$ cat start_8.cif   # mmCIF, C-alpha atoms
data_final
#
loop_
_atom_site.label_atom_id
_atom_site.label_comp_id
_atom_site.auth_asym_id
_atom_site.auth_seq_id
_atom_site.Cartn_x
_atom_site.Cartn_y
_atom_site.Cartn_z
CA MET Q 1 38.23 23.73 -25.52
CA THR Q 2 35.31 21.40 -24.62
CA ASP Q 3 35.42 19.70 -21.23
CA MET Q 4 34.97 15.96 -21.54
CA LYS Q 5 33.42 14.10 -18.63
CA LYS Q 6 35.83 11.44 -17.41
CA ARG Q 7 34.54 7.93 -18.02
CA ILE Q 8 34.40 6.03 -14.74
CA THR Q 9 36.03 2.60 -14.89
CA LEU Q 10 36.15 -0.46 -12.66
CA ASP Q 11 39.65 0.62 -11.60
CA ASP Q 12 38.25 3.87 -10.20
CA ILE Q 13 35.73 1.98 -8.08
CA ALA Q 14 38.34 -0.57 -7.00
CA LYS Q 15 40.67 2.16 -5.73
CA GLU Q 16 37.98 3.64 -3.48
CA ALA Q 17 36.58 0.29 -2.34
CA HIS Q 18 40.05 -1.19 -1.69
CA VAL Q 19 39.24 -4.45 -3.49
CA SER Q 20 40.44 -5.89 -6.81
CA THR Q 21 39.02 -4.89 -10.17
CA ALA Q 22 37.95 -8.52 -10.71
CA SER Q 23 35.95 -8.38 -7.46
CA ILE Q 24 34.27 -5.16 -8.56
CA SER Q 25 33.28 -6.79 -11.84
CA MET Q 26 31.77 -9.82 -10.11
CA ILE Q 27 29.78 -7.73 -7.65
CA LEU Q 28 28.40 -5.32 -10.23
CA ASN Q 29 27.44 -8.21 -12.50
CA GLY Q 30 25.85 -10.21 -9.68
CA LYS Q 31 28.27 -13.14 -9.89
CA HIS Q 32 29.64 -15.19 -6.98
CA LEU Q 33 28.25 -12.75 -4.42
CA ASN Q 34 28.62 -15.39 -1.69
CA ARG Q 35 32.38 -14.68 -1.81
CA PHE Q 36 31.91 -11.17 -0.44
CA SER Q 37 30.63 -9.75 2.81
CA PRO Q 38 27.38 -7.72 2.79
CA GLU Q 39 29.43 -4.68 3.82
CA THR Q 40 31.74 -5.03 0.80
CA ILE Q 41 28.84 -5.45 -1.61
CA GLU Q 42 27.01 -2.45 -0.18
CA SER Q 43 30.18 -0.34 -0.32
CA VAL Q 44 30.80 -1.21 -3.99
CA TYR Q 45 27.18 -0.41 -4.89
CA ALA Q 46 27.35 2.93 -3.07
CA ILE Q 47 30.67 3.96 -4.65
CA SER Q 48 29.55 3.00 -8.15
CA ARG Q 49 26.41 5.10 -7.73
CA ARG Q 50 28.30 8.09 -6.37
CA LEU Q 51 30.88 8.03 -9.15
CA GLY Q 52 28.19 7.57 -11.81
CA TYR Q 53 29.51 4.31 -13.19
CA GLU Q 54 27.57 2.82 -16.12
CA ASN Q 55 28.05 -0.68 -17.44
CA LYS Q 56 26.63 -2.58 -20.40
CA ARG Q 57 24.18 -4.43 -18.20
CA ALA Q 58 22.76 -1.15 -16.84
CA LYS Q 59 22.32 0.25 -20.36
CA TRP Q 60 20.60 -2.91 -21.51
CA THR Q 61 18.06 -2.85 -18.69
CA ASN Q 62 17.32 0.87 -19.26
CA ASN Q 63 16.60 1.88 -15.65
CA ILE Q 64 14.89 -0.66 -13.41
CA LEU Q 65 12.05 0.45 -11.15
CA LEU Q 66 11.11 -1.93 -8.33
CA LEU Q 67 7.37 -2.14 -7.65
CA VAL Q 68 6.67 -3.59 -4.19
CA CYS Q 69 3.23 -4.72 -3.00
CA PRO Q 70 1.83 -7.25 -0.51
CA SER Q 71 0.07 -9.38 -3.16
CA VAL Q 72 -1.78 -9.10 -6.45
CA ILE Q 73 -4.86 -11.22 -5.65
CA ASN Q 74 -6.75 -8.16 -4.37
CA PRO Q 75 -7.86 -6.02 -7.35
CA TYR Q 76 -6.85 -2.96 -5.32
CA PHE Q 77 -3.16 -3.82 -5.59
CA ALA Q 78 -3.49 -5.27 -9.09
CA THR Q 79 -5.04 -1.98 -10.26
CA ILE Q 80 -2.39 0.17 -8.56
CA ILE Q 81 0.35 -1.93 -10.16
CA GLN Q 82 -1.28 -1.62 -13.58
CA GLY Q 83 -1.37 2.17 -13.18
CA MET Q 84 2.32 2.10 -12.26
CA GLU Q 85 3.15 -0.09 -15.26
CA GLN Q 86 1.28 2.23 -17.62
CA GLU Q 87 3.19 5.27 -16.43
CA ALA Q 88 6.54 3.44 -16.28
CA GLN Q 89 6.16 2.46 -19.92
CA ALA Q 90 5.39 6.06 -20.84
CA CYS Q 91 8.53 7.17 -18.97
CA GLY Q 92 10.77 4.54 -20.57
CA LEU Q 93 11.37 2.66 -17.30
CA GLN Q 94 11.63 -1.11 -16.93
CA THR Q 95 9.87 -2.65 -13.93
CA ILE Q 96 10.29 -5.60 -11.60
CA LEU Q 97 7.37 -6.58 -9.36
CA ILE Q 98 8.13 -7.93 -5.88
CA THR Q 99 5.46 -9.22 -3.48
CA THR Q 100 6.00 -9.31 0.29
CA TYR Q 101 2.76 -10.82 1.69
CA TRP Q 102 3.30 -8.45 4.64
CA ASN Q 103 6.47 -10.34 5.57
CA THR Q 104 8.92 -7.97 7.29
CA GLU Q 105 11.92 -10.13 6.36
CA ARG Q 106 10.87 -9.97 2.74
CA GLU Q 107 10.61 -6.18 3.02
CA ARG Q 108 14.10 -6.09 4.51
CA TRP Q 109 15.38 -8.14 1.56
CA VAL Q 110 13.77 -5.64 -0.85
CA CYS Q 111 15.68 -2.80 0.79
CA GLU Q 112 18.95 -4.70 0.35
CA PHE Q 113 18.21 -5.74 -3.24
CA ALA Q 114 17.35 -2.13 -4.13
CA LYS Q 115 20.96 -1.12 -3.46
CA ASP Q 116 22.02 -2.81 -6.70
CA PRO Q 117 23.25 -0.03 -9.06
CA LEU Q 118 20.84 -1.27 -11.73
CA VAL Q 119 17.87 -0.19 -9.59
CA ALA Q 120 16.84 3.39 -10.34
CA GLY Q 121 14.10 3.68 -7.71
CA VAL Q 122 11.53 1.86 -5.59
CA VAL Q 123 7.76 2.36 -5.40
CA PHE Q 124 5.86 0.75 -2.54
CA ALA Q 125 2.17 0.10 -3.27
CA MET Q 126 1.57 0.26 0.48
CA ILE Q 127 3.04 2.03 3.49
CA PRO Q 128 6.21 0.08 4.40
CA GLN Q 129 6.02 -1.87 7.63
CA GLN Q 130 9.58 -0.83 8.58
CA PRO Q 131 9.79 2.90 7.82
CA GLN Q 132 13.27 3.24 9.32
CA LEU Q 133 14.73 0.85 6.73
CA VAL Q 134 13.00 2.61 3.86
CA GLN Q 135 14.06 6.04 5.14
CA LYS Q 136 17.67 4.86 5.06
CA LEU Q 137 17.21 3.50 1.54
CA HIS Q 138 15.68 6.85 0.53
CA GLU Q 139 19.03 8.48 1.30
CA THR Q 140 20.59 6.44 -1.53
CA ILE Q 141 17.92 6.17 -4.25
CA PRO Q 142 14.45 7.69 -4.83
CA VAL Q 143 11.64 5.94 -2.95
CA VAL Q 144 7.90 6.63 -3.12
CA ALA Q 145 5.08 4.95 -1.16
CA VAL Q 146 1.38 4.81 -2.04
CA GLY Q 147 -0.88 4.56 0.97
CA ASP Q 148 -2.07 6.41 4.02
CA LYS Q 149 -1.50 10.06 4.88
CA GLN Q 150 1.38 10.09 7.39
CA ASN Q 151 3.40 13.22 7.96
CA GLU Q 152 6.06 11.39 9.95
CA LEU Q 153 6.93 8.72 7.37
CA GLY Q 154 9.96 10.61 6.05
CA ILE Q 155 9.68 9.56 2.38
CA ASP Q 156 7.73 10.82 -0.63
CA THR Q 157 4.12 9.59 -0.73
CA VAL Q 158 1.02 9.51 -2.88
CA ASP Q 159 -1.76 9.00 -0.42
CA VAL Q 160 -5.31 9.36 0.78
CA ASN Q 161 -6.60 10.39 4.19
CA ASN Q 162 -7.92 7.11 5.57
CA PHE Q 163 -9.11 8.83 8.75
CA LYS Q 164 -11.36 11.04 6.64
CA ALA Q 165 -12.49 8.00 4.63
CA GLY Q 166 -13.55 6.32 7.86
CA MET Q 167 -15.47 9.41 8.90
CA LEU Q 168 -17.34 9.44 5.56
CA VAL Q 169 -18.53 5.87 6.16
CA GLY Q 170 -19.43 6.52 9.80
CA GLU Q 171 -21.41 9.65 8.94
CA HIS Q 172 -23.25 7.85 6.14
CA LEU Q 173 -24.35 4.98 8.38
CA LEU Q 174 -25.50 7.39 11.11
CA GLU Q 175 -27.58 9.24 8.52
CA MET Q 176 -29.08 5.90 7.51
CA GLY Q 177 -30.25 5.40 11.11
CA HIS Q 178 -27.77 2.73 12.23
CA THR Q 179 -26.78 2.80 15.90
CA HIS Q 180 -24.84 -0.46 16.24
CA ILE Q 181 -22.04 -0.76 13.69
CA ALA Q 182 -19.36 -3.46 13.38
CA TYR Q 183 -15.87 -2.94 11.94
CA ILE Q 184 -14.52 -6.14 10.33
CA THR Q 185 -10.80 -6.29 9.62
CA THR Q 186 -7.76 -8.49 9.14
CA SER Q 187 -4.65 -7.79 11.30
CA LEU Q 188 -5.13 -4.46 13.07
CA ASN Q 189 -1.84 -3.04 14.36
CA SER Q 190 0.73 -0.29 13.80
CA GLU Q 191 2.16 -2.13 10.77
CA HIS Q 192 -1.17 -1.61 8.97
CA SER Q 193 -1.79 2.08 9.51
CA ALA Q 194 -4.56 2.44 6.91
CA ARG Q 195 -6.69 -0.13 8.73
CA VAL Q 196 -6.18 1.64 12.05
CA ARG Q 197 -6.89 5.09 10.61
CA ARG Q 198 -10.15 3.95 8.99
CA TYR Q 199 -11.26 2.50 12.31
CA GLU Q 200 -10.35 5.71 14.13
CA GLY Q 201 -12.25 7.75 11.54
CA ILE Q 202 -15.44 5.74 12.08
CA LYS Q 203 -15.04 6.10 15.85
CA ALA Q 204 -14.60 9.87 15.49
CA ALA Q 205 -17.75 10.19 13.38
CA LEU Q 206 -19.79 8.26 15.94
CA LYS Q 207 -18.35 10.29 18.81
CA GLN Q 208 -19.19 13.57 17.09
CA SER Q 209 -22.83 12.51 16.87
CA HIS Q 210 -23.05 12.91 20.68
CA ARG Q 211 -25.50 10.02 20.78
CA HIS Q 212 -25.26 7.63 23.73
CA ASP Q 213 -27.10 4.86 21.90
CA VAL Q 214 -24.44 4.58 19.18
CA LYS Q 215 -21.89 1.74 19.53
CA LEU Q 216 -18.96 0.53 17.40
CA HIS Q 217 -18.04 -3.15 17.69
CA LEU Q 218 -14.64 -4.45 16.56
CA PHE Q 219 -14.06 -7.88 15.00
CA THR Q 220 -10.50 -8.63 13.89
CA GLU Q 221 -8.28 -11.61 13.22
CA GLU Q 222 -4.49 -11.68 13.11
CA ILE Q 223 -3.23 -13.02 9.78
CA SER Q 224 0.37 -14.25 9.50
CA ALA Q 225 2.57 -13.64 6.48
CA GLU Q 226 2.65 -17.38 5.86
CA THR Q 227 -1.16 -17.51 5.76
CA GLU Q 228 -1.22 -14.51 3.40
CA LEU Q 229 1.09 -16.37 1.04
CA HIS Q 230 -0.67 -19.72 1.03
CA THR Q 231 -4.33 -18.69 1.27
CA VAL Q 232 -5.47 -17.05 -1.96
CA ASP Q 233 -8.94 -16.12 -0.65
CA ILE Q 234 -7.78 -15.01 2.82
CA GLU Q 235 -9.59 -11.65 2.75
CA HIS Q 236 -12.93 -13.07 1.60
CA ARG Q 237 -12.55 -15.96 4.05
CA THR Q 238 -11.76 -13.62 6.95
CA GLY Q 239 -14.71 -11.35 6.15
CA TYR Q 240 -17.03 -14.37 5.99
CA LYS Q 241 -15.78 -15.85 9.28
CA LEU Q 242 -15.86 -12.60 11.26
CA ALA Q 243 -19.28 -11.66 9.91
CA LEU Q 244 -20.71 -14.95 11.19
CA ARG Q 245 -19.17 -14.20 14.59
CA CYS Q 246 -20.67 -10.74 14.55
CA LEU Q 247 -24.17 -12.01 13.74
CA ALA Q 248 -23.95 -14.56 16.54
CA GLU Q 249 -22.36 -12.40 19.24
CA LYS Q 250 -23.83 -8.96 18.48
CA PRO Q 251 -27.40 -9.44 17.21
CA GLN Q 252 -28.03 -5.71 17.72
CA VAL Q 253 -25.61 -4.81 14.90
CA THR Q 254 -27.33 -3.64 11.71
CA ALA Q 255 -24.36 -2.32 9.70
CA LEU Q 256 -21.02 -3.99 8.99
CA VAL Q 257 -18.01 -2.06 7.69
CA ALA Q 258 -15.17 -4.01 6.07
CA ILE Q 259 -11.55 -2.87 6.04
CA ASN Q 260 -11.68 -3.15 2.24
CA ASP Q 261 -13.99 -4.27 -0.54
CA MET Q 262 -12.58 -7.81 -0.71
CA VAL Q 263 -13.37 -8.39 2.97
CA ALA Q 264 -16.79 -6.85 2.34
CA TYR Q 265 -17.54 -9.52 -0.28
CA GLY Q 266 -16.97 -12.17 2.40
CA ILE Q 267 -19.34 -10.32 4.74
CA ILE Q 268 -22.02 -10.14 2.05
CA ASP Q 269 -21.80 -13.89 1.40
CA ALA Q 270 -21.96 -14.69 5.13
CA ILE Q 271 -25.07 -12.56 5.63
CA LYS Q 272 -26.85 -14.06 2.63
CA ASP Q 273 -25.84 -17.63 3.54
CA SER Q 274 -27.32 -17.00 7.01
CA GLY Q 275 -30.68 -16.31 5.41
CA HIS Q 276 -30.64 -12.53 5.85
CA GLN Q 277 -31.14 -9.77 3.33
CA ILE Q 278 -28.94 -6.86 2.25
CA PRO Q 279 -29.75 -3.99 2.70
CA GLU Q 280 -33.19 -4.65 4.25
CA GLN Q 281 -31.72 -6.26 7.38
CA TYR Q 282 -28.02 -5.40 7.19
CA SER Q 283 -26.10 -2.62 5.48
CA VAL Q 284 -22.53 -3.34 4.31
CA CYS Q 285 -19.74 -0.86 3.43
CA GLY Q 286 -16.18 -1.25 2.17
CA PHE Q 287 -13.21 0.89 1.18
CA ASP Q 288 -11.27 1.47 -2.09
CA ASN Q 289 -14.00 1.03 -4.75
CA ILE Q 290 -12.27 -1.75 -6.68
CA TYR Q 291 -13.92 -2.41 -10.04
CA PRO Q 292 -16.00 -5.52 -9.04
CA SER Q 293 -17.83 -3.39 -6.44
CA ASN Q 294 -19.81 -1.79 -9.26
CA PHE Q 295 -20.98 -5.14 -10.67
CA THR Q 296 -24.75 -5.61 -10.71
CA GLY Q 297 -24.58 -8.58 -8.36
CA VAL Q 298 -22.49 -6.69 -5.80
CA GLY Q 299 -23.47 -3.01 -5.71
CA LEU Q 300 -21.25 -2.22 -2.74
CA THR Q 301 -21.27 1.13 -0.95
CA THR Q 302 -17.61 2.03 -0.63
CA VAL Q 303 -15.05 4.84 -0.69
CA GLU Q 304 -13.43 5.92 -3.95
CA HIS Q 305 -9.63 6.10 -3.61
CA SER Q 306 -8.50 6.84 -7.20
CA ILE Q 307 -6.47 3.66 -7.38
CA ILE Q 308 -5.07 3.70 -10.90
CA GLN Q 309 -4.44 7.47 -10.78
CA ARG Q 310 -2.41 7.13 -7.58
CA GLY Q 311 -0.30 4.39 -9.17
CA LYS Q 312 0.45 6.65 -12.11
CA SER Q 313 1.22 9.63 -9.86
CA ALA Q 314 3.69 7.59 -7.82
CA VAL Q 315 5.71 6.68 -10.93
CA ARG Q 316 5.58 10.24 -12.28
CA LEU Q 317 6.88 11.47 -8.94
CA ILE Q 318 9.73 8.99 -8.80
CA TYR Q 319 10.59 9.52 -12.49
CA ASN Q 320 11.12 13.22 -11.78
CA LYS Q 321 13.36 12.25 -8.87
CA ILE Q 322 15.34 9.79 -10.99
CA SER Q 323 15.79 12.33 -13.79
CA ARG Q 324 17.60 14.73 -11.48
CA HIS Q 325 19.15 12.27 -9.03
CA ASP Q 326 22.72 13.53 -8.93
CA ALA Q 327 24.90 14.75 -6.09
CA ALA Q 328 23.81 18.39 -6.48
CA SER Q 329 20.08 17.59 -6.42
CA ARG Q 330 20.53 15.26 -3.43
CA ASP Q 331 22.10 18.09 -1.44
CA HIS Q 332 19.40 20.51 -2.57
CA ASP Q 333 16.53 18.12 -1.70
CA ALA Q 334 18.00 16.93 1.60
CA GLY Q 335 15.22 16.80 4.20
CA ALA Q 336 12.47 17.64 1.69
CA VAL Q 337 9.47 15.31 1.43
CA THR Q 338 6.86 15.48 -1.34
CA ARG Q 339 3.25 14.48 -0.66
CA VAL Q 340 0.49 14.07 -3.25
CA GLU Q 341 -2.94 13.59 -1.66
CA TYR Q 342 -6.07 12.34 -3.42
CA GLN Q 343 -9.44 13.13 -1.89
CA SER Q 344 -11.69 10.33 -0.65
CA ARG Q 345 -15.27 10.20 -1.96
CA LEU Q 346 -18.17 8.09 -0.71
CA VAL Q 347 -19.86 6.02 -3.44
CA VAL Q 348 -23.35 4.98 -2.29
CA ARG Q 349 -24.78 1.85 -3.89
CA ARG Q 350 -27.52 -0.60 -2.94
CA SER Q 351 -25.70 -2.40 -0.10
CA THR Q 352 -26.81 0.34 2.32
CA MET Q 353 -30.23 1.86 2.95
CA TYR Q 354 -32.11 4.00 5.45
CA ARG Q 355 -33.07 2.02 8.55
CA LEU Q 356 -36.34 2.95 10.25
CA PRO Q 357 -36.27 3.17 14.05
CA HIS Q 358 -37.23 -0.10 15.69
CA LYS Q 359 -40.79 -0.21 16.96
CA PRO Q 360 -41.94 -2.73 19.60
CA GLU Q 361 -44.50 -5.30 18.45
CA GLY Q 362 -48.11 -4.13 18.69
CA VAL Q 363 -47.21 -0.45 18.32
#
$ encode --input "start_8.cif" --output "structure tokens"
Amino acid sequence: MTDMKKRITLDDIAKEAHVSTASISMILNGKHLNRFSPETIESVYAISRRLGYENKRAKWTNNILLLVCPSVINPYFATIIQGMEQEAQACGLQTILITTYWNTERERWVCEFAKDPLVAGVVFAMIPQQPQLVQKLHETIPVVAVGDKQNELGIDTVDVNNFKAGMLVGEHLLEMGHTHIAYITTSLNSEHSARVRRYEGIKAALKQSHRHDVKLHLFTEEISAETELHTVDIEHRTGYKLALRCLAEKPQVTALVAINDMVAYGIIDAIKDSGHQIPEQYSVCGFDNIYPSNFTGVGLTTVEHSIIQRGKSAVRLIYNKISRHDAASRDHDAGAVTRVEYQSRLVVRRSTMYRLPHKPEGV
């Protein structure tokens, strides 16, 4: 005799949740949610997942994957998202894109929204600013983050070693003869680990040179989530502004390193608008190797971070998790974290060049 899997009904969920069948229907269909407490909604979502309930709406949407990123104005994030979309389509997953603009309240809302039974998994295109919230979400549904190598994050990641990337840039500029280097960045704090790790990597490279004449100068500006949202060109604008400060306050600097390629474009424009030449007078480096950096008019020295490939890998990883996300696999995978690391590679273009040692006039 063939065993038939019992079809889970709204009544089954209602019995465990201790609310009416009508209430279960409204919650699972997203109707009149203001009538229920957050605790009741979360409980109904959790029970429906555990019991394996499927409704017509879930079948129609065919597995929703949330893609979360700060913004799409930077080609870095736009390219990662496109890689994710390509792989999601190949896997038969539907996607919803959510932007946070580095707003922690927005990230908190994402973690709550992801508890809806229609959501199959969440992919962050950056390292979450509130890892504890995402770790808790990871206990319920598959979560993957694309970003910086962090062993303590507690969720699955597809990453690069930004510390190593920083060292590659630092070593390159030392080889080019630069002794005074500036690091130009937007908000630099623990919520933006990649920016910090790149800075630390450059510092480490300079320290390992054992040269007392080598100095690293930091120029940073705190950018609020509100400014991120309402200022489309914030990265270019910040690079431009901080580069002008650097030229005025640290005339000994001959190389400027941007936190990413978009900020580097602002630096390049500031240097040229000030009447200086690149690379004859100033060398400029970035990170990520977004596609405009290879344009003839840009030619930016930067670090290759396999953007589209990492987006695809993140979705492949989460698709494998979704495919076997049942009670048995959750118990088996408890405490296990998967990491996929892509190697950083320096791409040298014409924005950097060898700098001859300075000779006093008349020598």
$ resolve_selection --input "start_8.cif" --expression "the PyMOL selection byres ((chain Q and resi 203-209) around 9)" --output "list in words"
Phe163, Gly166, Met167, Leu168, Val169, Gly170, Glu171, Leu174, Thr179, Arg198, Tyr199, Glu200, Gly201, Ile202, His210, Arg211, His212, Val214, Lys215 and Leu216 of chain Q
$ closest_atom_pairs --input "start_8.cif" --of "stretch 271-357 of chain Q" --to "stretch 237-251 of chain Q" --cutoff "10 Å" --atoms "all atoms listed in the file" --output "tab-separated table"
residue	atom	partner	partner_atom	distance
Q:Ile271	CA	Q:Ala243	CA	7.3
Q:Asp273	CA	Q:Leu244	CA	9.6
Q:Ser274	CA	Q:Leu244	CA	8.1
$ closest_atom_pairs --input "start_8.cif" --of "stretch 99-175 of chain Q" --to "stretch 77-83 of chain Q" --cutoff "9 Å" --atoms "all atoms listed in the file" --output "Markdown table"
| residue | atom | partner | partner_atom | distance |
| --- | --- | --- | --- | --- |
| Q:Ala125 | CA | Q:Ile80 | CA | 7.0 |
| Q:Met126 | CA | Q:Phe77 | CA | 8.7 |
| Q:Val146 | CA | Q:Ile80 | CA | 8.8 |
$ write_last_selection --input "start_8.cif" --atoms "C-alpha atoms" --output "mmCIF file, in the coordinates of the input"
data_model
loop_
_atom_site.group_PDB
_atom_site.id
_atom_site.type_symbol
_atom_site.label_atom_id
_atom_site.label_comp_id
_atom_site.auth_asym_id
_atom_site.auth_seq_id
_atom_site.Cartn_x
_atom_site.Cartn_y
_atom_site.Cartn_z
ATOM 1 C CA ALA Q 125 2.170 0.100 -3.270
ATOM 2 C CA MET Q 126 1.570 0.260 0.480
ATOM 3 C CA VAL Q 146 1.380 4.810 -2.040
#
$ residues_near_point --input "start_8.cif" --point "(38.2, -4.6, 0.1)" --cutoff "10 Å" --atoms "all atoms listed in the file" --output "list in words"
Ala14, Lys15, Glu16, Ala17, His18, Val19, Ser20, Ser23, Ile24, Phe36, Ser37, Glu39, Thr40, Ile41, Ser43 and Val44 of chain Q
$ closest_residue --input "start_8.cif" --among "Q:Ala145, Q:Leu229, Q:Leu173, Q:Met262" --to "Q:Thr100" --atoms "all atoms listed in the file"
Q:Leu229
$ closest_residue --input "start_8.cif" --among "Q:Thr9, Q:Ser71, Q:Ser323, Q:Thr186" --to "Q:Gly266" --atoms "only C-alpha atoms"
Q:Thr186
$ residues_near_point --input "start_8.cif" --point "(17.0, -3.0, 0.8)" --cutoff "10 Å" --atoms "all atoms listed in the file" --output "VMD selection string"
chain Q and resid 106 to 116 122 133 to 134 136 to 138
$ write_last_selection --input "start_8.cif" --atoms "C-alpha atoms" --output "PDB file, keeping the file's coordinate frame"
ATOM      1  CA  ARG Q 106      10.870  -9.970   2.740  1.00  0.00           C
ATOM      2  CA  GLU Q 107      10.610  -6.180   3.020  1.00  0.00           C
ATOM      3  CA  ARG Q 108      14.100  -6.090   4.510  1.00  0.00           C
ATOM      4  CA  TRP Q 109      15.380  -8.140   1.560  1.00  0.00           C
ATOM      5  CA  VAL Q 110      13.770  -5.640  -0.850  1.00  0.00           C
ATOM      6  CA  CYS Q 111      15.680  -2.800   0.790  1.00  0.00           C
ATOM      7  CA  GLU Q 112      18.950  -4.700   0.350  1.00  0.00           C
ATOM      8  CA  PHE Q 113      18.210  -5.740  -3.240  1.00  0.00           C
ATOM      9  CA  ALA Q 114      17.350  -2.130  -4.130  1.00  0.00           C
ATOM     10  CA  LYS Q 115      20.960  -1.120  -3.460  1.00  0.00           C
ATOM     11  CA  ASP Q 116      22.020  -2.810  -6.700  1.00  0.00           C
ATOM     12  CA  VAL Q 122      11.530   1.860  -5.590  1.00  0.00           C
ATOM     13  CA  LEU Q 133      14.730   0.850   6.730  1.00  0.00           C
ATOM     14  CA  VAL Q 134      13.000   2.610   3.860  1.00  0.00           C
ATOM     15  CA  LYS Q 136      17.670   4.860   5.060  1.00  0.00           C
ATOM     16  CA  LEU Q 137      17.210   3.500   1.540  1.00  0.00           C
ATOM     17  CA  HIS Q 138      15.680   6.850   0.530  1.00  0.00           C
TER      18      HIS Q 138
END
$ residues_around --input "start_8.cif" --residues "Q:Asp261" --least-positions-apart "3" --cutoff "6 Å" --atoms "only C-alpha atoms" --output "ChimeraX atom specification"
/Q:264,286-287
$ write_last_selection --input "start_8.cif" --atoms "C-alpha atoms" --output "mmCIF file, in the coordinates of the input"
data_model
loop_
_atom_site.group_PDB
_atom_site.id
_atom_site.type_symbol
_atom_site.label_atom_id
_atom_site.label_comp_id
_atom_site.auth_asym_id
_atom_site.auth_seq_id
_atom_site.Cartn_x
_atom_site.Cartn_y
_atom_site.Cartn_z
ATOM 1 C CA ALA Q 264 -16.790 -6.850 2.340
ATOM 2 C CA GLY Q 286 -16.180 -1.250 2.170
ATOM 3 C CA PHE Q 287 -13.210 0.890 1.180
#
$ resolve_selection --input "start_8.cif" --expression "the PyMOL selection byres ((chain Q and resi 98) around 7)" --output "list of chain:residue names"
Q:Leu67, Q:Val68, Q:Cys69, Q:Ile96, Q:Leu97, Q:Thr99, Q:Thr100
$ closest_residue --input "start_8.cif" --among "Q:Arg197, Q:Thr21, Q:Trp102, Q:Ile290" --to "Q:Thr227" --atoms "all atoms listed in the file"
Q:Trp102
$ residues_around --input "start_8.cif" --residues "Q:Tyr183" --least-positions-apart "4" --cutoff "9 Å" --atoms "all atoms listed in the file" --output "number ranges by chain"
Q: 199, 202, 216-220, 255-259
$ decode --input "start_8.cif" --residues "stretch 42-55 of chain Q" --atoms "N, CA and C atoms" --output "PDB file, in the first residue's frame"
ATOM      1  N   GLU Q  42       4.150  36.236  12.992  1.00  0.00           N
ATOM      2  CA  GLU Q  42       5.394  35.462  12.921  1.00  0.00           C
ATOM      3  C   GLU Q  42       5.139  34.002  13.271  1.00  0.00           C
ATOM      4  N   SER Q  43       4.284  33.752  14.255  1.00  0.00           N
ATOM      5  CA  SER Q  43       3.963  32.381  14.654  1.00  0.00           C
ATOM      6  C   SER Q  43       3.267  31.627  13.525  1.00  0.00           C
ATOM      7  N   VAL Q  44       2.323  32.275  12.854  1.00  0.00           N
ATOM      8  CA  VAL Q  44       1.600  31.630  11.748  1.00  0.00           C
ATOM      9  C   VAL Q  44       2.557  31.316  10.604  1.00  0.00           C
ATOM     10  N   TYR Q  45       3.442  32.269  10.277  1.00  0.00           N
ATOM     11  CA  TYR Q  45       4.433  32.030   9.222  1.00  0.00           C
ATOM     12  C   TYR Q  45       5.312  30.824   9.566  1.00  0.00           C
ATOM     13  N   ALA Q  46       5.791  30.795  10.817  1.00  0.00           N
ATOM     14  CA  ALA Q  46       6.703  29.728  11.233  1.00  0.00           C
ATOM     15  C   ALA Q  46       6.021  28.364  11.196  1.00  0.00           C
ATOM     16  N   ILE Q  47       4.781  28.301  11.686  1.00  0.00           N
ATOM     17  CA  ILE Q  47       4.051  27.027  11.699  1.00  0.00           C
ATOM     18  C   ILE Q  47       3.756  26.548  10.286  1.00  0.00           C
ATOM     19  N   SER Q  48       3.357  27.466   9.413  1.00  0.00           N
ATOM     20  CA  SER Q  48       3.046  27.073   8.037  1.00  0.00           C
ATOM     21  C   SER Q  48       4.283  26.546   7.318  1.00  0.00           C
ATOM     22  N   ARG Q  49       5.441  27.136   7.609  1.00  0.00           N
ATOM     23  CA  ARG Q  49       6.684  26.636   7.023  1.00  0.00           C
ATOM     24  C   ARG Q  49       6.998  25.234   7.547  1.00  0.00           C
ATOM     25  N   ARG Q  50       6.898  25.087   8.866  1.00  0.00           N
ATOM     26  CA  ARG Q  50       7.278  23.815   9.488  1.00  0.00           C
ATOM     27  C   ARG Q  50       6.381  22.674   9.012  1.00  0.00           C
ATOM     28  N   LEU Q  51       5.113  22.959   8.861  1.00  0.00           N
ATOM     29  CA  LEU Q  51       4.176  21.913   8.433  1.00  0.00           C
ATOM     30  C   LEU Q  51       4.233  21.663   6.925  1.00  0.00           C
ATOM     31  N   GLY Q  52       4.854  22.613   6.190  1.00  0.00           N
ATOM     32  CA  GLY Q  52       4.953  22.433   4.738  1.00  0.00           C
ATOM     33  C   GLY Q  52       3.690  22.818   4.000  1.00  0.00           C
ATOM     34  N   TYR Q  53       2.989  23.819   4.513  1.00  0.00           N
ATOM     35  CA  TYR Q  53       1.750  24.238   3.870  1.00  0.00           C
ATOM     36  C   TYR Q  53       2.036  24.935   2.534  1.00  0.00           C
ATOM     37  N   GLU Q  54       1.244  24.608   1.518  1.00  0.00           N
ATOM     38  CA  GLU Q  54       1.337  25.254   0.213  1.00  0.00           C
ATOM     39  C   GLU Q  54      -0.034  25.793  -0.155  1.00  0.00           C
ATOM     40  N   ASN Q  55      -0.044  27.056  -0.603  1.00  0.00           N
ATOM     41  CA  ASN Q  55      -1.323  27.604  -1.057  1.00  0.00           C
ATOM     42  C   ASN Q  55      -1.219  28.026  -2.521  1.00  0.00           C
TER      43      ASN Q  55
END
